[in-house]
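Pasted below: structure-v3.txt, compact mmCIF, C-alpha atoms.
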```txt
# COMPACT_ATOMS: atom_id res chain seq x y z
CA MET A 1 10.25 5.08 17.13
CA LYS A 2 7.94 5.22 20.13
CA LYS A 3 6.24 1.98 21.04
CA VAL A 4 2.52 1.53 20.59
CA ILE A 5 0.87 -0.36 23.47
CA PHE A 6 -2.10 -2.52 22.47
CA LEU A 7 -4.74 -2.58 25.21
CA ILE A 8 -7.72 -4.64 24.11
CA TYR A 9 -9.55 -6.19 21.25
CA VAL A 10 -13.22 -6.48 21.90
CA SER A 11 -14.95 -8.18 19.03
CA PHE A 12 -16.44 -11.64 18.77
CA PHE A 13 -15.55 -11.79 15.10
CA ILE A 14 -11.89 -10.96 15.55
CA LEU A 15 -11.48 -14.32 17.27
CA ASN A 16 -11.93 -15.85 13.82
CA TRP A 17 -9.01 -13.84 12.37
CA GLY A 18 -7.27 -16.89 10.97
CA LYS A 19 -10.18 -17.97 8.79
CA ALA A 20 -10.27 -17.20 5.09
CA TRP A 21 -13.32 -14.91 5.28
CA SER A 22 -12.86 -11.55 3.56
CA LEU A 23 -14.98 -8.99 1.80
CA ILE A 24 -12.79 -9.02 -1.29
CA GLU A 25 -10.76 -11.66 -3.06
CA VAL A 26 -7.20 -10.59 -3.91
CA ASP A 27 -5.95 -12.26 -7.09
CA ILE A 28 -2.23 -11.58 -7.52
CA THR A 29 -2.30 -12.57 -11.20
CA ARG A 30 -4.41 -9.61 -12.30
CA GLY A 31 -5.36 -6.16 -11.09
CA ASN A 32 -8.32 -5.37 -8.88
CA LEU A 33 -10.32 -3.30 -11.35
CA ASN A 34 -13.24 -2.76 -8.97
CA PRO A 35 -11.82 -1.35 -5.72
CA LEU A 36 -13.99 -2.03 -2.68
CA PRO A 37 -16.07 1.05 -1.78
CA LEU A 38 -15.77 1.81 1.92
CA ALA A 39 -16.36 4.73 4.26
CA VAL A 40 -13.73 6.04 6.68
CA SER A 41 -15.70 8.08 9.19
CA PRO A 42 -13.62 10.72 11.01
CA LEU A 43 -12.66 9.47 14.47
CA SER A 44 -14.73 11.39 17.00
CA VAL A 45 -12.96 13.39 19.74
CA ASP A 46 -14.49 14.70 22.94
CA GLN A 47 -14.13 18.41 23.65
CA LYS A 48 -11.57 18.07 26.47
CA SER A 49 -9.32 15.89 24.39
CA LYS A 50 -9.73 18.16 21.38
CA GLU A 51 -8.39 21.08 23.39
CA LYS A 52 -5.44 19.00 24.55
CA PHE A 53 -4.63 17.97 20.99
CA LYS A 54 -4.77 21.56 19.82
CA ASP A 55 -2.13 22.52 22.37
CA LEU A 56 0.10 19.54 21.69
CA LEU A 57 -0.11 19.15 17.93
CA LYS A 58 -1.68 22.37 16.64
CA LEU A 59 -4.35 20.35 14.86
CA GLU A 60 -8.00 21.26 14.85
CA ASP A 61 -9.18 17.70 15.00
CA ILE A 62 -6.76 14.82 15.57
CA GLY A 63 -9.46 12.25 14.85
CA GLU A 64 -10.00 13.65 11.39
CA GLU A 65 -6.25 13.65 10.70
CA ILE A 66 -5.89 9.99 11.69
CA SER A 67 -8.83 9.14 9.44
CA LYS A 68 -7.15 10.95 6.54
CA VAL A 69 -4.04 8.81 6.98
CA VAL A 70 -6.17 5.65 6.88
CA GLU A 71 -8.15 6.89 3.88
CA ASN A 72 -5.01 7.85 1.94
CA ASN A 73 -3.31 4.52 2.66
CA LEU A 74 -6.30 2.48 1.53
CA ARG A 75 -6.73 4.54 -1.64
CA GLN A 76 -3.07 4.24 -2.60
CA SER A 77 -3.21 0.46 -2.22
CA GLY A 78 -5.45 0.38 -5.30
CA LEU A 79 -7.74 -2.19 -3.68
CA PHE A 80 -10.13 0.23 -1.98
CA ASN A 81 -12.22 3.23 -2.96
CA PRO A 82 -12.73 5.46 0.10
CA LEU A 83 -15.94 7.45 -0.35
CA ASP A 84 -16.19 11.24 -0.07
CA PRO A 85 -16.90 12.20 3.57
CA LYS A 86 -19.25 14.92 2.31
CA ALA A 87 -21.68 12.15 1.39
CA PHE A 88 -21.81 10.71 4.91
CA LEU A 89 -25.25 10.95 6.52
CA GLN A 90 -24.41 9.96 10.10
CA LYS A 91 -22.29 11.86 12.60
CA PRO A 92 -18.98 10.18 13.54
CA ASP A 93 -19.66 9.81 17.28
CA ILE A 94 -23.07 8.22 16.71
CA ALA A 95 -21.82 5.97 13.90
CA HIS A 96 -19.10 4.61 16.16
CA VAL A 97 -21.65 3.47 18.76
CA LYS A 98 -24.38 2.21 16.43
CA PRO A 99 -24.21 2.71 12.67
CA ARG A 100 -27.40 3.12 10.68
CA PHE A 101 -26.36 0.60 8.05
CA GLU A 102 -29.09 1.68 5.64
CA ASP A 103 -27.51 5.17 5.50
CA TRP A 104 -24.09 3.76 4.65
CA ALA A 105 -25.55 1.31 2.13
CA LEU A 106 -27.31 4.23 0.47
CA ILE A 107 -23.96 5.77 -0.49
CA LYS A 108 -22.77 2.33 -1.71
CA ALA A 109 -20.32 1.65 1.13
CA GLN A 110 -19.65 -2.06 1.67
CA ALA A 111 -17.41 -1.55 4.71
CA LEU A 112 -17.30 1.17 7.36
CA ILE A 113 -14.48 2.29 9.67
CA THR A 114 -15.39 4.30 12.78
CA GLY A 115 -13.43 5.35 15.83
CA GLU A 116 -12.99 7.47 18.92
CA VAL A 117 -10.00 9.36 20.27
CA LYS A 118 -9.37 10.35 23.90
CA MET A 119 -6.57 11.67 26.08
CA ILE A 120 -6.22 9.51 29.22
CA ASP A 121 -3.47 10.20 31.76
CA GLY A 122 -1.55 12.16 29.17
CA LYS A 123 -1.64 9.31 26.61
CA LEU A 124 -3.46 9.00 23.32
CA ARG A 125 -6.14 6.29 23.37
CA VAL A 126 -7.63 5.29 20.04
CA GLU A 127 -10.50 2.89 19.46
CA PHE A 128 -11.65 1.85 16.02
CA ARG A 129 -14.23 -0.53 14.64
CA LEU A 130 -14.66 -2.15 11.26
CA TRP A 131 -18.22 -2.89 10.13
CA ASP A 132 -19.63 -5.02 7.34
CA VAL A 133 -22.35 -2.75 5.95
CA LEU A 134 -24.00 -5.40 3.79
CA ALA A 135 -24.26 -7.90 6.66
CA GLY A 136 -25.03 -5.17 9.20
CA LYS A 137 -22.49 -6.34 11.79
CA GLU A 138 -19.18 -5.45 13.43
CA ILE A 139 -16.28 -7.57 12.21
CA MET A 140 -13.37 -6.12 14.17
CA ALA A 141 -12.70 -3.78 17.09
CA LEU A 142 -9.37 -2.70 18.58
CA ALA A 143 -8.15 -0.14 21.06
CA PHE A 144 -4.62 0.94 21.90
CA THR A 145 -2.69 3.74 23.59
CA THR A 146 0.52 5.55 22.76
CA VAL A 147 2.17 8.95 23.14
CA SER A 148 0.42 11.80 21.33
CA GLU A 149 3.28 12.31 18.86
CA ASN A 150 2.55 8.86 17.47
CA TRP A 151 -0.83 9.81 16.00
CA ARG A 152 0.29 9.30 12.40
CA ARG A 153 1.61 5.82 13.16
CA VAL A 154 -1.76 5.03 14.72
CA GLY A 155 -3.33 5.69 11.32
CA HIS A 156 -0.88 3.32 9.65
CA ILE A 157 -1.50 0.58 12.23
CA ILE A 158 -5.28 0.89 11.81
CA THR A 159 -4.82 0.58 8.04
CA ASP A 160 -2.77 -2.59 8.46
CA LYS A 161 -5.46 -4.19 10.62
CA VAL A 162 -8.26 -3.23 8.22
CA TYR A 163 -6.26 -4.33 5.18
CA GLN A 164 -5.53 -7.74 6.70
CA ARG A 165 -9.13 -8.29 7.79
CA LEU A 166 -10.56 -7.43 4.39
CA THR A 167 -8.00 -9.07 2.11
CA GLY A 168 -6.56 -11.93 4.14
CA GLU A 169 -3.03 -10.57 3.57
CA LYS A 170 -0.82 -8.73 6.03
CA GLY A 171 -0.59 -4.99 5.49
CA TYR A 172 2.50 -2.92 4.71
CA PHE A 173 1.53 0.56 5.93
CA ASP A 174 3.31 0.80 9.30
CA THR A 175 6.67 0.65 7.56
CA ARG A 176 9.47 2.95 6.51
CA ILE A 177 11.52 3.38 3.36
CA ILE A 178 15.17 4.29 3.32
CA TYR A 179 16.62 5.77 0.15
CA VAL A 180 19.28 8.06 -1.30
CA ALA A 181 18.10 11.68 -1.47
CA GLU A 182 19.64 13.45 -4.46
CA GLU A 183 20.03 17.11 -5.41
CA GLY A 184 21.92 19.05 -8.09
CA LEU A 185 22.98 18.48 -11.68
CA LYS A 186 23.54 14.93 -12.86
CA THR A 187 27.23 15.71 -13.25
CA SER A 188 27.56 16.88 -9.61
CA ARG A 189 24.88 15.20 -7.48
CA ILE A 190 24.79 15.59 -3.71
CA LYS A 191 23.57 12.34 -2.19
CA LYS A 192 22.31 11.88 1.38
CA LEU A 193 20.84 8.94 3.21
CA ALA A 194 17.16 9.62 3.98
CA ILE A 195 14.30 7.75 5.63
CA MET A 196 10.54 8.34 5.58
CA ASP A 197 7.22 6.65 6.32
CA GLN A 198 5.96 4.55 3.41
CA ASP A 199 3.50 7.33 2.47
CA GLY A 200 6.28 9.94 2.18
CA SER A 201 5.75 11.64 5.56
CA ASN A 202 8.26 12.23 8.38
CA THR A 203 11.35 12.52 6.19
CA LYS A 204 14.66 12.53 8.07
CA TYR A 205 18.17 12.89 6.66
CA LEU A 206 20.72 10.54 8.18
CA THR A 207 23.90 11.81 6.50
CA LEU A 208 25.11 15.31 5.57
CA GLY A 209 26.00 14.70 1.92
CA ASN A 210 29.74 15.15 2.44
CA GLU A 211 30.42 11.66 1.15
CA LEU A 212 28.74 9.67 -1.59
CA VAL A 213 26.25 7.11 -0.24
CA LEU A 214 24.71 4.25 -2.19
CA THR A 215 22.30 1.32 -1.89
CA PRO A 216 20.99 1.35 1.70
CA ARG A 217 19.34 -1.93 2.73
CA PHE A 218 17.17 -2.73 5.77
CA ASN A 219 17.80 -5.62 8.11
CA PRO A 220 14.68 -7.87 7.89
CA THR A 221 14.60 -8.36 11.67
CA ASN A 222 15.10 -4.84 13.05
CA GLN A 223 15.67 -1.18 12.19
CA MET A 224 19.34 -1.67 11.30
CA VAL A 225 20.57 -0.53 7.88
CA THR A 226 23.65 -1.38 5.86
CA TYR A 227 24.85 0.96 3.13
CA LEU A 228 27.84 1.74 0.97
CA SER A 229 29.79 4.99 1.26
CA TYR A 230 33.00 6.21 -0.31
CA PHE A 231 35.75 7.27 2.08
CA LYS A 232 38.81 8.75 0.33
CA ASN A 233 37.43 7.32 -2.92
CA LEU A 234 37.30 3.79 -1.52
CA PRO A 235 34.03 1.88 -0.93
CA ARG A 236 33.28 1.29 2.73
CA VAL A 237 30.39 -0.69 4.19
CA TYR A 238 28.56 0.79 7.19
CA LEU A 239 25.97 -0.43 9.66
CA LEU A 240 23.55 2.16 11.05
CA ASP A 241 21.03 1.70 13.84
CA ILE A 242 18.08 3.91 12.89
CA GLU A 243 16.73 4.07 16.44
CA THR A 244 19.95 5.00 18.26
CA GLY A 245 21.88 6.68 15.46
CA ILE A 246 24.92 4.53 16.28
CA GLN A 247 27.02 3.82 13.19
CA GLU A 248 29.93 1.46 12.69
CA VAL A 249 32.22 0.51 9.85
CA VAL A 250 31.97 -3.11 8.74
CA GLY A 251 35.06 -2.88 6.56
CA ASP A 252 36.79 -1.43 3.53
CA PHE A 253 36.20 -3.30 0.29
CA PRO A 254 38.28 -1.75 -2.52
CA GLY A 255 36.93 -4.11 -5.16
CA MET A 256 33.26 -3.96 -4.22
CA THR A 257 30.94 -4.34 -7.21
CA PHE A 258 27.58 -4.45 -5.44
CA ALA A 259 26.45 -3.25 -2.01
CA PRO A 260 25.59 -5.76 0.72
CA ARG A 261 22.26 -7.18 1.80
CA PHE A 262 21.33 -8.85 5.07
CA SER A 263 20.59 -12.52 5.52
CA PRO A 264 17.00 -13.25 6.65
CA ASP A 265 18.09 -13.67 10.29
CA GLY A 266 20.07 -10.41 10.15
CA LYS A 267 23.28 -12.09 11.32
CA LYS A 268 25.18 -11.95 8.03
CA ILE A 269 25.59 -9.66 5.07
CA ILE A 270 26.10 -10.93 1.56
CA MET A 271 27.90 -8.92 -1.11
CA SER A 272 30.07 -9.15 -4.18
CA PHE A 273 33.50 -7.69 -4.72
CA ALA A 274 36.48 -8.23 -6.97
CA LYS A 275 39.49 -9.93 -5.48
CA ASP A 276 42.54 -10.98 -7.48
CA GLY A 277 40.87 -9.64 -10.61
CA ASN A 278 37.67 -11.66 -10.31
CA SER A 279 34.22 -10.70 -8.96
CA ASP A 280 32.64 -13.28 -6.66
CA ILE A 281 30.03 -13.41 -3.90
CA TYR A 282 31.04 -13.35 -0.25
CA THR A 283 29.29 -13.38 3.12
CA MET A 284 30.39 -11.78 6.37
CA ASP A 285 29.31 -12.86 9.82
CA LEU A 286 28.49 -9.61 11.60
CA GLU A 287 29.50 -10.92 15.03
CA SER A 288 32.80 -12.58 14.19
CA ARG A 289 33.50 -10.49 11.02
CA GLU A 290 34.55 -13.73 9.35
CA VAL A 291 34.36 -13.53 5.55
CA GLU A 292 33.43 -16.58 3.48
CA LYS A 293 33.68 -16.90 -0.29
CA ILE A 294 30.49 -18.39 -1.77
CA THR A 295 31.17 -18.47 -5.53
CA ASN A 296 34.40 -19.23 -7.36
CA HIS A 297 33.98 -18.67 -11.07
CA PRO A 298 36.00 -16.74 -13.69
CA SER A 299 32.86 -14.79 -14.71
CA ILE A 300 31.30 -11.82 -12.90
CA ASP A 301 28.95 -12.89 -10.08
CA THR A 302 27.11 -10.03 -8.39
CA SER A 303 23.91 -8.61 -6.79
CA PRO A 304 23.10 -11.53 -4.45
CA SER A 305 19.84 -11.83 -2.48
CA TYR A 306 18.76 -14.52 0.00
CA SER A 307 15.50 -16.45 -0.10
CA PRO A 308 13.37 -15.69 2.99
CA ASP A 309 14.21 -19.08 4.54
CA GLY A 310 17.94 -18.46 4.02
CA LYS A 311 18.45 -21.72 2.12
CA TYR A 312 19.01 -20.22 -1.34
CA ILE A 313 20.61 -17.21 -3.00
CA CYS A 314 19.70 -15.58 -6.28
CA PHE A 315 22.30 -13.50 -8.14
CA ASN A 316 23.21 -12.39 -11.62
CA SER A 317 26.21 -13.54 -13.60
CA ASP A 318 27.59 -13.37 -17.13
CA ARG A 319 28.90 -16.94 -16.97
CA SER A 320 26.56 -17.87 -19.87
CA GLY A 321 28.06 -15.12 -22.03
CA TYR A 322 25.74 -12.29 -20.97
CA GLN A 323 24.04 -11.19 -17.77
CA GLN A 324 21.38 -13.61 -16.49
CA ILE A 325 19.83 -14.64 -13.16
CA TYR A 326 20.99 -17.72 -11.28
CA VAL A 327 19.90 -19.51 -8.12
CA MET A 328 22.15 -21.58 -5.84
CA ARG A 329 22.14 -23.05 -2.37
CA SER A 330 23.35 -20.74 0.36
CA ASP A 331 26.68 -22.61 0.51
CA GLY A 332 27.29 -21.92 -3.20
CA SER A 333 26.42 -25.40 -4.46
CA LYS A 334 23.97 -26.47 -7.18
CA VAL A 335 24.09 -23.30 -9.26
CA LYS A 336 21.23 -23.13 -11.77
CA ARG A 337 20.39 -20.52 -14.40
CA ILE A 338 16.70 -19.52 -14.27
CA SER A 339 16.32 -16.60 -16.76
CA PHE A 340 16.20 -17.41 -20.46
CA GLY A 341 14.34 -14.46 -22.00
CA ASN A 342 15.73 -11.90 -24.42
CA GLY A 343 17.78 -9.11 -22.87
CA LEU A 344 20.05 -8.62 -19.85
CA TYR A 345 18.82 -9.38 -16.32
CA GLY A 346 20.03 -7.78 -13.11
CA THR A 347 19.33 -6.79 -9.46
CA PRO A 348 17.32 -9.94 -8.56
CA VAL A 349 15.52 -9.71 -5.20
CA TRP A 350 13.69 -12.59 -3.55
CA SER A 351 10.10 -11.91 -2.45
CA PRO A 352 9.34 -12.07 1.31
CA ARG A 353 6.71 -14.69 0.40
CA GLY A 354 9.41 -16.84 -1.16
CA ASP A 355 7.49 -17.52 -4.36
CA LEU A 356 8.86 -14.86 -6.74
CA ILE A 357 12.04 -13.04 -7.68
CA ALA A 358 11.87 -9.42 -8.85
CA PHE A 359 14.45 -8.15 -11.32
CA THR A 360 15.53 -5.38 -13.67
CA LYS A 361 15.73 -6.19 -17.37
CA LEU A 362 17.37 -4.29 -20.24
CA HIS A 363 16.03 -5.11 -23.70
CA LYS A 364 16.18 -3.04 -26.89
CA GLY A 365 17.19 0.11 -25.06
CA LYS A 366 14.42 -0.01 -22.46
CA PHE A 367 14.49 -0.95 -18.79
CA TYR A 368 11.82 -3.17 -17.29
CA ILE A 369 10.88 -4.15 -13.74
CA GLY A 370 9.53 -7.68 -13.70
CA VAL A 371 8.95 -10.80 -11.63
CA MET A 372 9.39 -14.52 -12.24
CA ARG A 373 8.92 -17.68 -10.22
CA THR A 374 11.97 -19.00 -8.43
CA ASP A 375 12.49 -21.63 -11.14
CA GLY A 376 12.39 -18.94 -13.85
CA THR A 377 8.91 -19.72 -15.17
CA GLY A 378 6.03 -17.26 -15.37
CA GLU A 379 8.07 -14.17 -16.22
CA ARG A 380 5.94 -11.00 -16.16
CA LEU A 381 7.19 -7.50 -17.02
CA LEU A 382 5.30 -5.01 -14.86
CA THR A 383 6.56 -1.66 -16.15
CA GLU A 384 8.96 -0.20 -18.73
CA ASN A 385 10.78 3.12 -19.04
CA TYR A 386 13.87 4.92 -20.24
CA TYR A 387 15.83 3.93 -17.11
CA GLN A 388 14.60 2.24 -13.94
CA GLU A 389 16.05 -0.31 -11.52
CA ALA A 390 16.59 -1.46 -7.92
CA PRO A 391 13.21 -3.05 -7.04
CA SER A 392 12.49 -3.60 -3.33
CA TRP A 393 9.57 -5.61 -1.93
CA SER A 394 6.98 -4.46 0.58
CA PRO A 395 7.08 -6.78 3.62
CA ASN A 396 3.93 -8.61 2.51
CA GLY A 397 5.28 -9.21 -1.01
CA ARG A 398 2.38 -7.32 -2.60
CA VAL A 399 4.07 -4.12 -3.87
CA LEU A 400 7.42 -3.22 -5.41
CA ILE A 401 9.18 0.12 -5.00
CA PHE A 402 11.96 1.15 -7.41
CA TYR A 403 13.48 4.28 -8.86
CA ARG A 404 13.20 5.81 -12.30
CA GLU A 405 15.44 8.34 -14.02
CA THR A 406 14.82 10.86 -16.80
CA LYS A 407 17.32 11.97 -19.42
CA SER A 408 19.56 14.99 -18.97
CA ASP A 409 21.24 17.25 -21.52
CA SER A 410 25.00 17.45 -22.06
CA ALA A 411 25.30 19.92 -19.16
CA GLY A 412 23.51 17.57 -16.75
CA LYS A 413 20.28 19.60 -16.72
CA GLY A 414 16.77 18.17 -17.00
CA PHE A 415 17.71 15.07 -15.04
CA SER A 416 15.54 13.66 -12.27
CA ALA A 417 15.33 10.49 -10.21
CA LYS A 418 12.07 9.55 -8.51
CA LEU A 419 10.69 6.66 -6.51
CA TRP A 420 7.80 4.70 -7.98
CA SER A 421 5.72 1.79 -6.75
CA ILE A 422 3.67 -0.79 -8.57
CA ASP A 423 1.38 -3.61 -7.53
CA LEU A 424 2.50 -7.16 -8.12
CA THR A 425 -0.22 -7.45 -10.77
CA GLY A 426 1.23 -4.60 -12.84
CA TYR A 427 -1.56 -2.20 -11.85
CA ASN A 428 -1.60 0.84 -9.59
CA GLU A 429 1.71 2.32 -10.75
CA ARG A 430 2.34 5.64 -8.99
CA MET A 431 5.11 8.02 -8.00
CA VAL A 432 5.99 8.00 -4.29
CA LYS A 433 6.40 11.54 -2.98
CA THR A 434 9.79 12.61 -1.68
CA GLU A 435 11.16 16.03 -0.72
CA THR A 436 14.04 15.72 -3.19
CA ASP A 437 15.00 13.44 -6.04
CA ALA A 438 15.46 9.89 -4.80
CA SER A 439 17.03 6.56 -5.73
CA ASP A 440 17.99 3.14 -4.31
CA PRO A 441 14.92 2.52 -2.09
CA SER A 442 14.66 -0.24 0.50
CA TRP A 443 11.45 -1.18 2.31
CA SER A 444 11.52 -2.00 6.04
CA SER A 445 9.67 -4.81 7.75
CA LEU A 446 6.51 -3.98 9.70
CA LEU A 447 7.40 -1.80 12.68
CA THR A 448 4.76 -3.47 14.87
CA ASP A 449 5.77 -7.06 14.14
```
Could you spell out this file's structure in structure tokens?
Amino acid sequence: MKKVIFLIYVSFFILNWGKAWSLIEVDITRGNLNPLPLAVSPLSVDQKSKEKFKDLLKLEDIGEEISKVVENNLRQSGLFNPLDPKAFLQKPDIAHVKPRFEDWALIKAQALITGEVKMIDGKLRVEFRLWDVLAGKEIMALAFTTVSENWRRVGHIITDKVYQRLTGEKGYFDTRIIYVAEEGLKTSRIKKLAIMDQDGSNTKYLTLGNELVLTPRFNPTNQMVTYLSYFKNLPRVYLLDIETGIQEVVGDFPGMTFAPRFSPDGKKIIMSFAKDGNSDIYTMDLESREVEKITNHPSIDTSPSYSPDGKYICFNSDRSGYQQIYVMRSDGSKVKRISFGNGLYGTPVWSPRGDLIAFTKLHKGKFYIGVMRTDGTGERLLTENYYQEAPSWSPNGRVLIFYRETKSDSAGKGFSAKLWSIDLTGYNERMVKTETDASDPSWSSLLTD
């Protein structure tokens, strides 16, 4: 990942960033059925820079490509309705300097994004502005520089800034997703570790597929990943630095029942494995490699996940007779059952906001992805299907990504596994594009945080 250098922000209104003003109100209890119409004008490029871009990136117009990234991100969020550029009445370079707001209002745009791209001293410089069409004023302006290969990330960063200014929530677009890429029949799958941008671009494969890999999980504080792999048919936990490619073995865990997750500060991993015939939850300090047993119960305790403040852990256990979700303090004390609905509950994951826990539920032969409050109240089932599990939160706690499988015949044909995302409200369910079949997704934190 190449670093983006922020140069300036030159808007009077951006100084009021912390205030609650926004063009739309985001209600997390229901879907936004009227997405905000906005116009993403192609970023203008001067002729000299355009020629440079053509040589470097083989693109006819880098400004237009960045705008497409922004437009696609905003559309896929479900909260915005980017208008067709064919309807635009004003040229991009003129609109960036002084929009004719009556022209943009005529096509029903409520917000307008304009920008300019230049090459300065061999670096990419991008300016963009966000305008309130109805009020006829600029509400945000930013400029930054980076290396030319980073043009797609520039589009994601712009989207994050626009999203936050218009909704009051942090964005989730300058992020990556790590997952297990799958190919072949269900009976003989080849599984590789893969990573991509949140919109499905820039896919890279991190393992060769020689060994089975499962359940990769991002460190909340950096681009470090932990995952489970089988070495000589024994589960082994690895740490992988995405930026450097350096990999190390954390340890062999013959009785592992669920892959590890990081603590919020990234200094520990928490996991479950069977020891002396019983499955309990353990933590490991990554610096000292000291292992601590957190639960001690004759039932199966598994799939632990920390609260964002690190004070609590949610997990699932069959200690009530069948699989349910429990919450306890991080030291293992004050265990409390929080799920009481019909069916079996699993894979609980605490929201980055701290207010909800996502889960998988099996009831009457169907799998559901749902959320509930941390005390178990307010359960909402967002989506159902033949088989789906492993929800992972976007860093702003707005969207869940998970994977969904289809049935196969007796020979293992007809099977597929795909990544899907859904808004916290239960709206905007869509398949996330991947080059191969995919499972076990994990969402990174914002790269620019």
My list of candidates is A:Pro235, A:Pro352, A:Gly397, A:Gly426. Which is closest to A:Val249 when distances are computed with only C-alpha atoms?
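Closest candidate: A:Pro235.
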Once you count all atoms listed in the file, what closest atom pair and distance in Å to one decimal does each residue of stretch 56-143 of chain A within 10 Å of stretch 179-199 of chain A have, with rows by chain and rising residue number, as JSON lines?
```
{"residue": "A:Val69", "atom": "CA", "partner": "A:Asp199", "partner_atom": "CA", "distance": 8.9}
{"residue": "A:Asn72", "atom": "CA", "partner": "A:Asp199", "partner_atom": "CA", "distance": 8.5}
{"residue": "A:Asn73", "atom": "CA", "partner": "A:Asp199", "partner_atom": "CA", "distance": 7.4}
{"residue": "A:Gln76", "atom": "CA", "partner": "A:Asp199", "partner_atom": "CA", "distance": 8.9}
```
May I ask for the distance between atom CA of A:Ser394 and atom CA of A:Ser77, given in Å to one decimal place?
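Going from atom CA of A:Ser394 over to atom CA of A:Ser77, I get 11.7 Å.
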Which is closer to A:Leu286 than all the others in A:Thr226, A:Thr244, A:Thr448, A:Ser44, using only C-alpha atoms?
A:Thr226
Go through A:Phe315, A:Trp443, A:Tyr403, A:Phe415 and flag the residue nearest A:Arg430, using all atoms listed in the file for the distances.
A:Tyr403
Shell of 8 Å around stretch 336-351 of chain A, only C-alpha atoms, local chain residues under 3 positions omitted, as a VMD selection string
chain A and resid 303 to 308 314 to 316 322 to 328 354 to 364 374 to 377 389 to 393 397
Skip stretch 418-422 of chain A itself and residues of its chain fewer than 3 positions away, then list as a PyMOL selection string all residues within 8 Å of it, counting only C-alpha atoms.
chain A and resi 382+399-405+426-434+437-439+441
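One distance worth recording is that between atom CA of A:Ser49 and atom CA of A:Pro99, which is 23.1 Å.
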Show me, as a list in words, the residues that have an atom within 10 Å of A:Ile66 when counting only C-alpha atoms, minus same-chain residues fewer than 6 positions from it.
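So the residues in contact are Pro42, Leu43, Gly115, Val117, Val126, Trp151, Arg152, Arg153, Val154, Gly155, His156 and Ile158 of chain A.
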